[in-house]
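Visitor: Got a structure for you, written out below as structure tokens; questions coming shortly.
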There are 2 protein chains.
Amino acid sequence: MNQLEQVRKGIATAAIKEVASSEGVEPQCIVEEMAAGHIIIPQNKTHTTISPIGIGKGLRTKVNANIGTSKDHQDIEEELKKLRVAVESGADTVMDLSTGGSLDEIRKAVIKESPVPIGTVPIYQAVIETVKNKQAMVHMSVDTLFKVIEKQTEDGVDFITVHCGLTRESAGRLKREGRLMDVVSRGGAFTIEWMAYNKKENPLYEHYDRLLEISHEYDITLSLGDGLRPGCLADATDRGQVQELIILGELAERAWAQDVQVMIEGPGHVPIHQIATNVQLQKQLCHGAPFYVLGPLVTDIAPGYDHITSAIGGSIAASAGADFLCYVTPSEHLRLPSVEDVKVGVIASKIAAHAADITKGVKGAMERDIKMAKCRKTMDWEQQIKLSLDPTLADKLRSSSQPADKDVCTMCGEFCAIKLLNKEERWKFFD
Amino acid sequence: MNQLEQVRKGIATAAIKEVASSEGVEPQCIVEEMAAGHIIIPQNKTHTTISPIGIGKGLRTKVNANIGTSKDHQDIEEELKKLRVAVESGADTVMDLSTGGSLDEIRKAVIKESPVPIGTVPIYQAVIETVKNKQAMVHMSVDTLFKVIEKQTEDGVDFITVHCGLTRESAGRLKREGRLMDVVSRGGAFTIEWMAYNKKENPLYEHYDRLLEISHEYDITLSLGDGLRPGCLADATDRGQVQELIILGELAERAWAQDVQVMIEGPGHVPIHQIATNVQLQKQLCHGAPFYVLGPLVTDIAPGYDHITSAIGGSIAASAGADFLCYVTPSEHLRLPSVEDVKVGVIASKIAAHAADITKGVKGAMERDIKMAKCRKTMDWEQQIKLSLDPTLADKLRSSSQPADKDVCTMCGEFCAIKLLNKEERWKFFD
């Protein structure tokens, strides 16, 4: 029995118990929400070396970090370094999006070394293998695509992004309405190319049952991708995007019917006032399936700072109910991220997730802030550093500028408001 | 006649025309909203070397950068460098919060060199001058405080923060309810100390009319400070904070009655779900006076990244109607900010302000994003860099990682979705 079959029989699996313990909730709650499709635990049945994590209703908002080579930049050691840095910085999952070098080798190394669930986008490898065989990418056969999915699944991948909702119908709506930037998803662009050249429906939609069979066999989670996600604010929440989301909702139901776990991917680039609408729409159209958002970026004009534009969007999305944030690094729109970018990207997303968890009332979230506030009040710097999301940086900044009085910092020095008022008798006047 | 007297006679001053032109709105709109107290143009009548800026209803959200020495770190050249960097990065105003070195000299140099309005917090200097005269700060005389205010005003300061609403009543409410971190505002802490020791009401409340006279004479804007602003999420929106805000609303009306321009300062540290509430409360209690918020920071646990925690809070606050964002730098809670911190802090706040302006429907805001999207679609990298909030950084990141194909970047390389689909014929299938 896979995980969904077990929870539907009311069984609290070992993974559920582990998740429940780390989240501080009752295993029975997770059993019920998993059975309804509102919580997932992405873990391939062969991938027993990871700590299971839960994503969805009532749980801590999770953060994913994308790593991976491109044709222009490929270094397996650097990718493994990114994996380590991402996990150290607090990433809950990692996706290997490599498109350069030996994809099998990189993926196997990442899966072997990772303590967290690993995701991939199999169509990348299917396209690359087609091109390596001296064929145009549009000649990718359906069998090549499914063989790659099987290979990656056998390797132990825990979740895969599949753009099954990018059908002739949804792309047609996008085309007829018109868009500033058309399609910015790589998997989405491949799929459009393939459909247009072969004059056929999206193979991942057409052969969705075959995908469900593989997923069921290895107990992997489908991350239903949004190939038509907006690539700029002006394209947000348009007909193509919403049409695809409707279809993803239908596909989520078909997955649940086959006991396959599923989450839904979301935009992208979205103006602040449309973010809550997007989350509500997803929750309704997809019957409460976990929502995995990329950003969203709240402006297009800040390349070099897209970890910030997406931390803003991510915090608002998660506050409105999104469950899982895909990080964006400072290098987005400019280059493949560096190891340092990975760290900064993860921390920015962790900030967004944590701030939203306070708003969501997630168990234990506010307690961390209360602890920090108490240490600020008592001027306990050692604990302040320890409680920081990034203790190394906090320590470095403080150490770089030494105050004469060790109780305070060089911002206010002797005029530190906290130190001034840490005298009980000052307050008697205000009784 | 000062500015408020003129607009109340329906006069569109030269400053109003300049603001109207830079904002792309009708001068008459600004005249009406200024007369109602909903827009301010902070400019000392003697400070004619700056470009006037408008803050408030219907206008672009503005950003302030704090600079200034502390006793632990004082270097006038460094502060002037911070001023330049802040303005280059897009700060609309700068506050000189110096508390170390020759305060008069620093302030005069900053006012002389600045092309943007300058703000100060006079009580800092009043306390420091008291201490320099070998007296405890609580021995500051009311005359010393007002002499400093007069001196700074004569020097050409455009707006001053005055914590007039921190009365015995508001501090009493705070004390009786209890708080985790008490008072974290420096001006607030001085005021509490002074009141407690001298067993007297806050002199800036008691002698508010004297403050209004000086303000009227030099046509400066009062920034009514929130001395009781929460210093941690747990203290947000408590009785002390809201009591002070009620009093600030009353004081705003008294300022308007004397033709003095006024804005209201706001928190601080606020959980996401309380931010819109805080903005609405301010707008109601203070009858639409411009709202100037510090952050707000949406979590306490990210020292080293408080430019991000405050960009999240600032974007949500401004989307809900806040008019003016005070930046927070990565060094907040750790040390006096460096020149680099000033730059990063301003850019993070500009992102928050701009993303909110799109949501507010501010004229011209969305156009910048549309231009960027078009340049991304046509792969015009030169223009993409130019349109960036920080062109230098965007250029540096892109140049550091060269793609084989100059149309794309090293993130996706040959698999760039945009490049793949920039072929008209691909879309025919979807007609």
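Ligands are numbered from 1 in the order shown, chains are lettered A, B, ... in the order of the structure tokens, and residues start at 1 in each chain.
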Kindly provide the residues of chain B that approach chain A to within 6 Å, each paired with its closest atom pair and their distance in Å to one decimal, based on only C-alpha atoms, listed by chain and increasing number, as JSON lines.

Guide:
```
{"residue": "B:Asp72", "atom": "CA", "partner": "A:Thr410", "partner_atom": "CA", "distance": 5.6}
{"residue": "B:Gly172", "atom": "CA", "partner": "A:Phe430", "partner_atom": "CA", "distance": 4.7}
{"residue": "B:Met181", "atom": "CA", "partner": "A:Lys377", "partner_atom": "CA", "distance": 5.5}
{"residue": "B:Val184", "atom": "CA", "partner": "A:Ala417", "partner_atom": "CA", "distance": 5.1}
{"residue": "B:Ser185", "atom": "CA", "partner": "A:Ala417", "partner_atom": "CA", "distance": 6.0}
{"residue": "B:Arg186", "atom": "CA", "partner": "A:Ala417", "partner_atom": "CA", "distance": 4.8}
{"residue": "B:Ala189", "atom": "CA", "partner": "A:Ala417", "partner_atom": "CA", "distance": 5.2}
{"residue": "B:Ala196", "atom": "CA", "partner": "A:Phe429", "partner_atom": "CA", "distance": 5.3}
{"residue": "B:Cys232", "atom": "CA", "partner": "A:Ala373", "partner_atom": "CA", "distance": 5.9}
{"residue": "B:His273", "atom": "CA", "partner": "A:Thr359", "partner_atom": "CA", "distance": 5.6}
{"residue": "B:Val298", "atom": "CA", "partner": "A:Ala355", "partner_atom": "CA", "distance": 5.7}
{"residue": "B:Thr299", "atom": "CA", "partner": "A:Ala355", "partner_atom": "CA", "distance": 5.6}
{"residue": "B:Asp300", "atom": "CA", "partner": "A:Asp369", "partner_atom": "CA", "distance": 5.2}
{"residue": "B:Ile301", "atom": "CA", "partner": "A:Ser388", "partner_atom": "CA", "distance": 5.0}
{"residue": "B:Ala302", "atom": "CA", "partner": "A:Leu389", "partner_atom": "CA", "distance": 5.3}
{"residue": "B:Pro303", "atom": "CA", "partner": "A:Ala394", "partner_atom": "CA", "distance": 5.8}
{"residue": "B:Gly304", "atom": "CA", "partner": "A:Ala394", "partner_atom": "CA", "distance": 5.2}
{"residue": "B:Ile312", "atom": "CA", "partner": "A:Ile312", "partner_atom": "CA", "distance": 4.6}
{"residue": "B:Leu334", "atom": "CA", "partner": "A:Arg398", "partner_atom": "CA", "distance": 4.9}
{"residue": "B:Arg335", "atom": "CA", "partner": "A:Thr410", "partner_atom": "CA", "distance": 4.7}
{"residue": "B:Leu336", "atom": "CA", "partner": "A:Met411", "partner_atom": "CA", "distance": 4.0}
{"residue": "B:Ala355", "atom": "CA", "partner": "A:Thr299", "partner_atom": "CA", "distance": 5.6}
{"residue": "B:Thr359", "atom": "CA", "partner": "A:His273", "partner_atom": "CA", "distance": 5.6}
{"residue": "B:Asp369", "atom": "CA", "partner": "A:Asp300", "partner_atom": "CA", "distance": 5.2}
{"residue": "B:Ala373", "atom": "CA", "partner": "A:Cys232", "partner_atom": "CA", "distance": 5.9}
{"residue": "B:Lys377", "atom": "CA", "partner": "A:Met181", "partner_atom": "CA", "distance": 5.5}
{"residue": "B:Ser388", "atom": "CA", "partner": "A:Ile301", "partner_atom": "CA", "distance": 5.0}
{"residue": "B:Leu389", "atom": "CA", "partner": "A:Ala302", "partner_atom": "CA", "distance": 5.3}
{"residue": "B:Ala394", "atom": "CA", "partner": "A:Gly304", "partner_atom": "CA", "distance": 5.2}
{"residue": "B:Arg398", "atom": "CA", "partner": "A:Leu334", "partner_atom": "CA", "distance": 4.9}
{"residue": "B:Pro403", "atom": "CA", "partner": "A:Asp72", "partner_atom": "CA", "distance": 5.7}
{"residue": "B:Cys409", "atom": "CA", "partner": "A:Arg335", "partner_atom": "CA", "distance": 5.3}
{"residue": "B:Thr410", "atom": "CA", "partner": "A:Arg335", "partner_atom": "CA", "distance": 4.7}
{"residue": "B:Met411", "atom": "CA", "partner": "A:Leu336", "partner_atom": "CA", "distance": 4.0}
{"residue": "B:Ala417", "atom": "CA", "partner": "A:Arg186", "partner_atom": "CA", "distance": 4.8}
{"residue": "B:Ile418", "atom": "CA", "partner": "A:Val184", "partner_atom": "CA", "distance": 5.8}
{"residue": "B:Arg426", "atom": "CA", "partner": "A:Ala196", "partner_atom": "CA", "distance": 5.6}
{"residue": "B:Phe429", "atom": "CA", "partner": "A:Ala196", "partner_atom": "CA", "distance": 5.3}
{"residue": "B:Phe430", "atom": "CA", "partner": "A:Gly172", "partner_atom": "CA", "distance": 4.7}
```

Visitor: Any idea what's packed within 7 Å of range 103-110 of chain B, counting only C-alpha atoms, ignoring anything in its chain fewer than 5 positions away? Could you give it as number ranges by chain?

Guide: B: 76, 80, 96, 98, 155

Visitor: Write out, as a JSON list (two decimals), in the first residue's frame, the residues just selected, with C-alpha atoms.

Guide:
```
[["chain", "number", "residue", "atom", "x", "y", "z"],
["B", 76, "ILE", "CA", 31.31, 63.20, 8.81],
["B", 80, "LEU", "CA", 27.96, 62.58, 3.49],
["B", 96, "ASP", "CA", 20.12, 62.94, 9.98],
["B", 98, "SER", "CA", 23.45, 61.82, 14.43],
["B", 155, "ASP", "CA", 19.47, 75.72, 9.81]]
```

Visitor: Check range 76-218 of chain B with DSSP on the backbone and list each residue it calls helix (DSSP H, G or I), as a ChimeraX atom specification.

Guide: /B:76-89,103-113,122-132,137-139,142-155,168-177,186-198,203-206,208-218

Visitor: So how far away is CA of Gly165 in chain B from CA of Tyr327 in chain B, in Å?

Guide: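 If I compute the distance from CA of Tyr327 in chain B to CA of Gly165 in chain B, I get 22.8 Å.
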
Visitor: Which of these residues is nearest to Thr191 in chain B, using only C-alpha atoms: B:Glu77, B:Ile40, B:Ala15, B:Met140?

Guide: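 The answer is B:Met140, which sits nearest to Thr191 in chain B.
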
Visitor: I'd like to know which residues of range 284-364 of chain A are strand (DSSP E or B) (by DSSP, run on the backbone); could you write them as a ChimeraX atom specification?

Guide: /A:291-294,297,324-326

Visitor: Suppose you want the space between CA of Thr161 in chain B and CA of Glu177 in chain B; what is it in Å?

Guide: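 CA of Glu177 in chain B lies 26.2 Å from CA of Thr161 in chain B.
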
Visitor: Restricting the calculation to only C-alpha atoms: of B:Met263, B:Val279, B:Ala255, B:Ile30, which residue gets closest to Val242 in chain B?

Guide: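 Of B:Met263, B:Val279, B:Ala255, B:Ile30, the one nearest Val242 in chain B, counting only C-alpha atoms, is B:Val279.
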
Visitor: What's the 10 Å shell around Phe324 in chain A, counting only C-alpha atoms, without same-chain residues fewer than 2 positions away, as number ranges by chain?

Guide: A: 55-56, 60-64, 92-93, 263-265, 290-294, 314, 317-318, 321-322, 326-327, 349, 353

Visitor: Which residue is closest to Ile111 in chain A? Choose from A:Arg239, A:His139, A:Arg8, A:His47 and count only C-alpha atoms.

Guide: A:His47

Visitor: Report the distance between CA of Cys29 in chain A and CA of Ile41 in chain A in Å, rounded to one decimal place.

Guide: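 About the pair CA of Cys29 in chain A and CA of Ile41 in chain A: they are 13.6 Å apart.
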
Visitor: Which neighbours of Val339 in chain B fall inside 9 Å, counting only C-alpha atoms, when residues of the same chain fewer than 5 positions from it are skipped, and could you give them as a list in words?

Guide: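 The neighbour list is Glu78, Glu79, Lys81, Lys82, Leu83, Val85, Ala86 and Val344 of chain B.
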
Visitor: Residues near Ile149 in chain A, anyone? I mean within 9 Å using only C-alpha atoms, not counting same-chain ones fewer than 6 positions away, as an mmCIF file with N, CA and C atoms, in the first residue's frame.

Guide:
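around-v2.cif written:
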```cif
data_model
loop_
_atom_site.group_PDB
_atom_site.id
_atom_site.type_symbol
_atom_site.label_atom_id
_atom_site.label_comp_id
_atom_site.auth_asym_id
_atom_site.auth_seq_id
_atom_site.Cartn_x
_atom_site.Cartn_y
_atom_site.Cartn_z
ATOM 1 N N VAL A 121 12.227 17.961 -12.902
ATOM 2 C CA VAL A 121 11.294 18.251 -13.993
ATOM 3 C C VAL A 121 11.722 17.346 -15.153
ATOM 4 N N PRO A 122 11.151 16.134 -15.237
ATOM 5 C CA PRO A 122 11.673 15.125 -16.170
ATOM 6 C C PRO A 122 11.714 15.561 -17.631
ATOM 7 N N ILE A 123 10.816 16.440 -18.051
ATOM 8 C CA ILE A 123 10.800 16.797 -19.476
ATOM 9 C C ILE A 123 12.130 17.425 -19.907
ATOM 10 N N ALA A 126 14.262 14.565 -20.954
ATOM 11 C CA ALA A 126 13.707 13.934 -22.160
ATOM 12 C C ALA A 126 14.074 14.752 -23.397
ATOM 13 N N ILE A 160 7.831 15.119 -8.857
ATOM 14 C CA ILE A 160 8.200 15.599 -10.185
ATOM 15 C C ILE A 160 7.194 16.653 -10.655
ATOM 16 N N LEU A 211 1.094 8.152 -16.302
ATOM 17 C CA LEU A 211 1.839 8.910 -15.301
ATOM 18 C C LEU A 211 1.376 8.527 -13.892
ATOM 19 N N ILE A 214 2.836 5.070 -12.840
ATOM 20 C CA ILE A 214 4.242 5.149 -12.382
ATOM 21 C C ILE A 214 4.297 5.792 -10.996
#
```
